[in-house]
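Report on the following structure.
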Amino acid sequence: MILQRYIALNLARGWLIVLLVLGSVFGLISFISELSHTRFDYDSLAVARYTLLTLPQQLVELAPVIALLGSIVALANLDRFNELTIISCTGFPPSRLLSAIALPTVLLMAGLWTAMEYITPQLQQSAERERHLLRYRNDTRIPDGGLWSAENLRYIHLGQLREGGIPGDIDLFEFNEEGQLVRALHAATAKVSKDRQWLFQRVREKKLVEGKLATYRHRELEIANLWAAEELPTLTTSRDSMALSVLYRYSQYLASNQQPTDKHLSSFWQKLLMPLTVGAMVLLATPISANLSAGRDRSFGINMAIGAVVGILFYLGAQIIFAMGQLLQLSIPMVAVTPAILVTACALFLLKRMNW
């Protein structure tokens, strides 16, 4: 039990070292790149705050590489000082070595799922809101040109998203089967309820009556099946910055309105299954760095170089797999889990050949 705890602690220390190194490198790169966008109240201090808030999202995306390199750092360091050799000589079986590695790995995987749902998306969205407010000195957080959504023969345009998630400058257009405009709405603002019901406020309505468009004005008008309240903060951010639950619900909303969902579902499954890839990377790092027969002949630096090459190849290979999956319209969950399966298969093959 003591040896298992010792190995687990060294593994966690290796992850932390790589996390700090990569965090420093990528944080510095992001800070320097963002400095070119300073404007008005968005100064260097605000850039530093923005970089710190968005850095966790970048590190989560790098989790498989961090797990691989961190595991190699930990186990190769133990092997370099012959600690693994001594542990092996005590009769410590490979199964207990893997169990010692499994516990912190499972905790790491659970932490990643928690971070992707409750921590990094909120930090990313908070950073984007603050940056926009400081750079443009207003509370309108919507891309130029606004956002469009389509549902059968109905098209909705959202022009503004104000502080507090209040929609503004909203247009709605409805057409008949012949492509003729039968109704057009414009609302200054709207209140959003939990069941996707929007209460348009200060509404101007144009409606086709006997072949002519008649104009009506309403103080309030209820419209069903628009964006949910929890989805609104994510509309100005990328798919990678959405929480898992929001990304899934938004994909279901798009599907119910017969809109393309492949990109959103692909992002959802990639993020959901990414911790499995992290576990596979830790498993792969074990035979790479803890192979006792190679310990005398292979230096710590060579182990790290092997890890870096594997990390780069994994990243390139995963991008190719995801792109080919979309191109061939393969099952999205199967495509998303393929990198984890391939890495696990390679790790199991090397484990069978590992000398312990």
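Chain identifiers are assigned as A, B, and so on, following the order in which chains appear in the structure tokens; residues are numbered from 1 within each chain, and ligands are numbered from 1 in order of appearance.
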
Self-check item: Selection near Ile302 in chain A, 10 Å with only C-alpha atoms, sequence-local residues under 5 positions removed, as a PyMOL selection string
Solution: chain A and resi 76+289+297+307-308

Would you save the residues of that selection, restricted to C-alpha atoms, as a tab-separated table (two decimals), in the first residue's frame?
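Final output, selection20.tsv:
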chain	number	residue	atom	x	y	z
A	76	ALA	CA	11.17	7.66	-16.02
A	289	SER	CA	9.16	4.87	-19.29
A	297	ASP	CA	20.49	2.10	-22.05
A	307	GLY	CA	6.79	11.13	-25.32
A	308	ALA	CA	6.88	14.39	-27.26

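By only C-alpha atoms, and with residues fewer than 3 positions from Ile306 in chain A along its chain excluded, the set lying at most 12 Å from it is Leu68, Leu69, Ile72, Val73, Ala76, Leu284, Ala285, Pro287, Ile288, Ser289, Arg298, Ser299, Phe300, Gly301, Ile302, Asn303, Val309, Val310, Gly311, Ile312 and Leu313 of chain A.
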
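Candidate residues A:Asp240, A:Glu34, A:Asp43, A:Glu231 were compared for distance to Gly165 in chain A, and the nearest is A:Glu231, using only C-alpha atoms.
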
Practice problem: Pick out the residues sitting within 12 Å of Pro121 in chain A, and hand them over as a list in words; count only C-alpha atoms, and ignore anything fewer than 6 positions along from it in its own chain. | Solution: Leu53, Thr54, Leu55, Pro56, Gln57, Gln58, Val60, Trp113, Thr114, Ala115, Ala127, Glu128, Glu231, Pro233, Thr234, Thr237, Ser238, Arg239, Asp240, Ser241, Met242, Ala243, Leu244, Ser245, Val246 and Leu247 of chain A

Against range 62-67 of chain A, which residues of range 86-197 of chain A fall within 9 Å? For each one I want the closest pair of atoms and the distance in Å (one decimal), counting only C-alpha atoms, rows by chain and increasing residue number, as a tab-separated table.
residue	atom	partner	partner_atom	distance
A:Thr105	CA	A:Ala67	CA	8.7
A:Leu108	CA	A:Ala67	CA	9.0
A:Leu112	CA	A:Ala63	CA	8.2

Self-check item: Long-range neighbours of Ile17 in chain A as a PyMOL selection string, 8 Å cut-off, only C-alpha atoms, 4 positions minimum in chain
Solution: chain A and resi 13+21+70

Residues just named, written with N, CA and C atoms as a short mmCIF file (atom, residue, chain, number, x, y, z; two decimals), in the first residue's frame:
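To be explicit, this is the file written out as again.cif:
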data_model
loop_
_atom_site.label_atom_id
_atom_site.label_comp_id
_atom_site.auth_asym_id
_atom_site.auth_seq_id
_atom_site.Cartn_x
_atom_site.Cartn_y
_atom_site.Cartn_z
N ARG A 13 2.67 14.28 -9.17
CA ARG A 13 3.69 15.33 -9.22
C ARG A 13 4.18 15.54 -10.66
N VAL A 21 4.64 23.74 -16.68
CA VAL A 21 5.53 24.11 -17.79
C VAL A 21 4.71 24.50 -19.02
N GLY A 70 3.51 13.91 -18.41
CA GLY A 70 3.62 13.88 -16.95
C GLY A 70 3.88 12.49 -16.43
#

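Look at Tyr216 in chain A: the protein and nucleic acid residues within 7 Å of it, using only C-alpha atoms and passing over chain neighbours fewer than 2 places away, are A:Arg204, A:Glu205, A:Lys206, A:Ala214, A:His218.
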
Quiz item: Which residue gives the smallest distance to Leu350 in chain A among A:Ile332, A:Leu283, A:Thr277, A:Ser88, with only C-alpha atoms counted?
Solution: A:Leu283
